[in-house]
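One structure is given below, encoded as structure tokens.
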Amino acid sequence: MLLKGKQIFRLGRHPKRLLQFMFVALLCIQSIYSTTFAQDTTFHFRKKTSILDYSPRLNKTRIGVVSGTIGAAYVGGMLYLNHAWYAQYPKSKFHFFNDAAEWNQIDKCGHITGSYVEAQYAYHIYRWAGMNRMQAAGYGALSGFLAQSSIEILDGFSSKWGASWSDIGANAFGSLLAMSQNMAWGEQRIQLKMSLHLVDYPRGDLRNRANELFGTSVFEKILKDYNNINFWLSVNPARFNPNQKRAKWLSVAVGYGAGNLYGGFENKWTDKQGNVYDYSSVKRYRKFFISLDYDLTQIKARTRFGRMVLGALNWIKLPAPAIEFNTLGQVVFHPCFFLNMEMPIYLKK
């Protein structure tokens, strides 16, 4: 989906949406790099290598390209974010703000997944430049952590927000998850993914509130709507069992989501005219899933383009049967959980 000029401007005025937009872009880029550059974790070279292969030793030209690109992107992104958003609000002394209970921790899952993906992206870039596996894993994790955590500095100097220890902890967790697997195995056997399920909000105040908070387009909902986004931890048993010959692409995933969120901490808000809306009777709840999944990087592709396509799709939790357990006391079987393709069967209401 192409963004129009007004949509891009709105992203610039909403830092969380901007960061999430950058996160989705990095997901796609990381997936392409991880599949193109890391099909073989044994790190061997053919007689004829291409520009996309890892360098067998530190390559000064590639190090320069990597350093310049990452440095320019980081500085440019921070300057743009400060100008587009934080400059419009009053500054304060550096301070912290406890947002650990916000949004049923869905935003923390986003921080974990974002830092994990960015650490993976950096890992493969450093390997491409010629670093060995251990070096690339360490620097990759540091890059992912710093990329996500730098925003806390801007938050900390803004009187409207504050730096968050829970965000920093989430960033560290995601980066360390990527680093530990790269160091131990040279591959990601435990992967983080996300999926989208479009909620049909009830007409009236709740729909108006959701539109105000999360936007109305599918693209905005992918970036911001905490009632729509689900995060998954996917494990491929075949990666732990080298003797497995069949269905090496089949994985098992556990997921987490939330529902009925119309505010960070509670379903009560005040509009710009001072009118108070109290929907505390609408119970906020958590959703837990067990599902099948697919590790697309385990599907053999004859061409580099095919591997790139499969890698680009691998961060998405694709359609599969799923069982949901939620804190409303419901047990729901979803024959095909993906967007709104499902036909839920309530095993317990």
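Please note that chains go A, B, ... in the order of the structure tokens, that every chain numbers its residues from 1, and that ligands are numbered from 1 in the order shown.
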
Using only C-alpha atoms, which residues sit within 6 Å of segment 115-128 of chain A once same-chain residues fewer than 2 positions away are excluded, as an MDAnalysis selection string? chainID A and resid 30 54:55 112:113 130:131 136:137 140:141 144:145 171 174:175 178

Quick one: DSSP strand (DSSP E) residues in segment 109-299 of chain A, as a ChimeraX atom specification? /A:190-196,229-235,250-259,268-270,276-278,285-294

Would you output that residue set with C-alpha atoms, as an mmCIF file, in the first residue's frame?
data_model
loop_
_atom_site.group_PDB
_atom_site.id
_atom_site.type_symbol
_atom_site.label_atom_id
_atom_site.label_comp_id
_atom_site.auth_asym_id
_atom_site.auth_seq_id
_atom_site.Cartn_x
_atom_site.Cartn_y
_atom_site.Cartn_z
ATOM 1 C CA ILE A 190 12.888 -19.488 18.310
ATOM 2 C CA GLN A 191 11.392 -16.721 16.176
ATOM 3 C CA LEU A 192 9.197 -13.731 16.986
ATOM 4 C CA LYS A 193 6.339 -12.925 14.624
ATOM 5 C CA MET A 194 3.187 -10.851 14.473
ATOM 6 C CA SER A 195 -0.278 -11.038 12.932
ATOM 7 C CA LEU A 196 -3.278 -8.777 12.457
ATOM 8 C CA ILE A 229 -2.055 -6.831 16.792
ATOM 9 C CA ASN A 230 -1.045 -10.267 18.045
ATOM 10 C CA PHE A 231 2.512 -11.321 18.815
ATOM 11 C CA TRP A 232 3.820 -14.867 18.480
ATOM 12 C CA LEU A 233 6.744 -16.941 19.658
ATOM 13 C CA SER A 234 7.309 -19.638 17.049
ATOM 14 C CA VAL A 235 9.467 -22.736 17.574
ATOM 15 C CA LEU A 250 6.246 -27.027 10.434
ATOM 16 C CA SER A 251 6.412 -25.012 13.657
ATOM 17 C CA VAL A 252 4.410 -24.570 16.840
ATOM 18 C CA ALA A 253 3.542 -21.085 18.055
ATOM 19 C CA VAL A 254 2.148 -19.483 21.186
ATOM 20 C CA GLY A 255 0.580 -16.069 20.845
ATOM 21 C CA TYR A 256 -0.572 -13.114 22.891
ATOM 22 C CA GLY A 257 -3.103 -10.389 22.240
ATOM 23 C CA ALA A 258 -5.585 -8.135 24.012
ATOM 24 C CA GLY A 259 -9.082 -6.781 23.550
ATOM 25 C CA LYS A 268 -12.186 6.191 30.592
ATOM 26 C CA TRP A 269 -11.220 9.383 28.784
ATOM 27 C CA THR A 270 -11.948 13.085 28.319
ATOM 28 C CA VAL A 276 -15.908 12.657 30.183
ATOM 29 C CA TYR A 277 -16.613 9.170 28.832
ATOM 30 C CA ASP A 278 -16.618 6.297 31.296
ATOM 31 C CA TYR A 285 -8.984 -8.671 28.566
ATOM 32 C CA ARG A 286 -5.996 -10.734 27.462
ATOM 33 C CA LYS A 287 -5.879 -13.449 24.812
ATOM 34 C CA PHE A 288 -3.527 -16.424 24.698
ATOM 35 C CA PHE A 289 -3.158 -18.692 21.670
ATOM 36 C CA ILE A 290 -1.741 -22.050 20.707
ATOM 37 C CA SER A 291 -1.347 -22.575 16.972
ATOM 38 C CA LEU A 292 0.556 -24.211 14.144
ATOM 39 C CA ASP A 293 3.005 -22.117 12.149
ATOM 40 C CA TYR A 294 5.321 -22.286 9.152
#

From A:Val332, A:Val218, A:Leu296, A:Met343, residue lying nearest Ile316 of chain A [only C-alpha atoms]: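 Ranked by minimum distance to Ile316 of chain A, first place goes to A:Leu296.
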
Give me the residues within 8 Å of Phe94 of chain A as a PyMOL selection string, counting only C-alpha atoms and dropping any in the same chain fewer than 6 places off. chain A and resi 153+156-158+162-163

Counting only C-alpha atoms, the residue of A:Arg133, A:His197, A:Arg307, A:His334 that sits nearest Lys221 of chain A: A:His197

Students should find that atom CA of Pro56 of chain A and atom CA of Asn182 of chain A are spaced 17.6 Å

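Compared by their closest atoms to Phe325 of chain A, and using only C-alpha atoms, the residues A:Leu347, A:Leu177, A:Val282, A:Ile299 rank with A:Leu347 nearest.
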
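Counting only C-alpha atoms, the residue from A:Lys108, A:His95, A:Arg284, A:Arg203 that sits nearest to Glu266 of chain A is A:Arg284.
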
Can you list every residue in segment 171-313 of chain A that DSSP puts in helix (DSSP H, G or I), as a PyMOL selection string? chain A and resi 171-184+205-214+218-224+237-239+296-298+304-313

Using only N, CA and C atoms, please write the residues we just selected to a file, as a tab-separated table (two decimals), in the first residue's frame.
chain	number	residue	atom	x	y	z
A	171	ASN	N	13.44	-3.90	25.33
A	171	ASN	CA	14.42	-3.79	24.25
A	171	ASN	C	15.61	-4.73	24.48
A	172	ALA	N	16.06	-4.78	25.73
A	172	ALA	CA	17.19	-5.66	26.07
A	172	ALA	C	16.82	-7.12	25.87
A	173	PHE	N	15.62	-7.49	26.26
A	173	PHE	CA	15.18	-8.88	26.15
A	173	PHE	C	15.16	-9.33	24.69
A	174	GLY	N	14.56	-8.51	23.81
A	174	GLY	CA	14.48	-8.87	22.40
A	174	GLY	C	15.85	-8.99	21.76
A	175	SER	N	16.75	-8.04	22.08
A	175	SER	CA	18.10	-8.07	21.51
A	175	SER	C	18.88	-9.29	22.00
A	176	LEU	N	18.75	-9.60	23.30
A	176	LEU	CA	19.47	-10.74	23.85
A	176	LEU	C	18.92	-12.07	23.32
A	177	LEU	N	17.63	-12.12	23.03
A	177	LEU	CA	17.07	-13.34	22.45
A	177	LEU	C	17.70	-13.63	21.09
A	178	ALA	N	17.85	-12.59	20.28
A	178	ALA	CA	18.50	-12.77	18.98
A	178	ALA	C	19.97	-13.12	19.15
A	179	MET	N	20.67	-12.42	20.03
A	179	MET	CA	22.11	-12.63	20.21
A	179	MET	C	22.41	-14.03	20.72
A	180	SER	N	21.68	-14.49	21.73
A	180	SER	CA	21.97	-15.78	22.33
A	180	SER	C	21.83	-16.92	21.32
A	181	GLN	N	20.83	-16.84	20.44
A	181	GLN	CA	20.64	-17.89	19.45
A	181	GLN	C	21.70	-17.83	18.35
A	182	ASN	N	22.06	-16.62	17.96
A	182	ASN	CA	23.11	-16.50	16.95
A	182	ASN	C	24.44	-17.02	17.47
A	183	MET	N	24.73	-16.78	18.75
A	183	MET	CA	25.98	-17.28	19.32
A	183	MET	C	25.95	-18.79	19.51
A	184	ALA	N	24.81	-19.31	19.96
A	184	ALA	CA	24.73	-20.73	20.27
A	184	ALA	C	24.59	-21.60	19.03
A	205	ASP	N	-19.70	5.79	20.61
A	205	ASP	CA	-18.54	6.35	21.30
A	205	ASP	C	-17.31	5.47	21.19
A	206	LEU	N	-17.48	4.15	21.31
A	206	LEU	CA	-16.33	3.25	21.30
A	206	LEU	C	-15.65	3.23	19.93
A	207	ARG	N	-16.44	3.23	18.88
A	207	ARG	CA	-15.83	3.26	17.54
A	207	ARG	C	-15.14	4.60	17.30
A	208	ASN	N	-15.77	5.69	17.73
A	208	ASN	CA	-15.15	7.00	17.57
A	208	ASN	C	-13.83	7.08	18.34
A	209	ARG	N	-13.83	6.51	19.54
A	209	ARG	CA	-12.60	6.49	20.34
A	209	ARG	C	-11.52	5.67	19.67
A	210	ALA	N	-11.89	4.50	19.15
A	210	ALA	CA	-10.92	3.64	18.47
A	210	ALA	C	-10.36	4.33	17.24
A	211	ASN	N	-11.21	5.01	16.48
A	211	ASN	CA	-10.74	5.72	15.29
A	211	ASN	C	-9.78	6.83	15.66
A	212	GLU	N	-10.06	7.51	16.78
A	212	GLU	CA	-9.19	8.60	17.23
A	212	GLU	C	-7.83	8.06	17.67
A	213	LEU	N	-7.83	6.95	18.40
A	213	LEU	CA	-6.58	6.39	18.93
A	213	LEU	C	-5.77	5.66	17.88
A	214	PHE	N	-6.46	4.85	17.07
A	214	PHE	CA	-5.76	3.88	16.23
A	214	PHE	C	-5.83	4.18	14.74
A	218	VAL	N	-6.32	0.25	7.20
A	218	VAL	CA	-5.68	-1.01	7.57
A	218	VAL	C	-4.22	-0.76	7.93
A	219	PHE	N	-3.56	0.12	7.18
A	219	PHE	CA	-2.16	0.41	7.45
A	219	PHE	C	-1.97	0.98	8.85
A	220	GLU	N	-2.85	1.92	9.24
A	220	GLU	CA	-2.75	2.51	10.58
A	220	GLU	C	-3.00	1.47	11.66
A	221	LYS	N	-3.93	0.57	11.41
A	221	LYS	CA	-4.24	-0.46	12.40
A	221	LYS	C	-3.08	-1.43	12.57
A	222	ILE	N	-2.37	-1.71	11.48
A	222	ILE	CA	-1.19	-2.57	11.58
A	222	ILE	C	-0.15	-1.93	12.50
A	223	LEU	N	-0.05	-0.62	12.42
A	223	LEU	CA	0.98	0.09	13.18
A	223	LEU	C	0.60	0.35	14.63
A	224	LYS	N	-0.67	0.58	14.89
A	224	LYS	CA	-1.03	1.20	16.17
A	224	LYS	C	-2.11	0.48	16.96
A	237	PRO	N	10.51	-27.41	15.64
A	237	PRO	CA	11.15	-28.60	16.21
A	237	PRO	C	12.24	-29.19	15.32
A	238	ALA	N	12.10	-29.04	14.01
A	238	ALA	CA	13.09	-29.63	13.09
A	238	ALA	C	14.48	-29.02	13.29
A	239	ARG	N	14.54	-27.77	13.73
A	239	ARG	CA	15.84	-27.13	13.94
A	239	ARG	C	16.56	-27.73	15.15
A	296	LEU	N	9.12	-20.52	6.84
A	296	LEU	CA	9.25	-20.46	5.38
A	296	LEU	C	10.70	-20.57	4.92
A	297	THR	N	11.65	-20.26	5.81
A	297	THR	CA	13.06	-20.37	5.40
A	297	THR	C	13.49	-21.83	5.27
A	298	GLN	N	12.66	-22.76	5.76
A	298	GLN	CA	12.97	-24.18	5.63
A	298	GLN	C	12.39	-24.79	4.36
A	304	ARG	N	17.47	-17.36	-5.88
A	304	ARG	CA	17.70	-16.37	-4.82
A	304	ARG	C	16.44	-15.51	-4.64
A	305	PHE	N	15.76	-15.21	-5.72
A	305	PHE	CA	14.54	-14.42	-5.62
A	305	PHE	C	13.48	-15.16	-4.80
A	306	GLY	N	13.37	-16.45	-5.02
A	306	GLY	CA	12.41	-17.24	-4.26
A	306	GLY	C	12.72	-17.23	-2.77
A	307	ARG	N	14.01	-17.33	-2.42
A	307	ARG	CA	14.40	-17.29	-1.02
A	307	ARG	C	14.10	-15.92	-0.42
A	308	MET	N	14.29	-14.88	-1.21
A	308	MET	CA	14.00	-13.54	-0.73
A	308	MET	C	12.51	-13.37	-0.44
A	309	VAL	N	11.66	-13.89	-1.31
A	309	VAL	CA	10.22	-13.78	-1.11
A	309	VAL	C	9.79	-14.53	0.15
A	310	LEU	N	10.28	-15.75	0.30
A	310	LEU	CA	9.93	-16.54	1.48
A	310	LEU	C	10.43	-15.87	2.75
A	311	GLY	N	11.64	-15.32	2.70
A	311	GLY	CA	12.16	-14.63	3.87
A	311	GLY	C	11.37	-13.39	4.21
A	312	ALA	N	10.92	-12.67	3.18
A	312	ALA	CA	10.14	-11.45	3.40
A	312	ALA	C	8.80	-11.73	4.05
A	313	LEU	N	8.29	-12.95	3.87
A	313	LEU	CA	7.00	-13.31	4.45
A	313	LEU	C	7.13	-13.99	5.81

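Comparing A:Ala129, A:Val331, A:Asn340, A:Lys317 by their smallest distance to Leu52 of chain A, the closest is A:Ala129 (using only C-alpha atoms).
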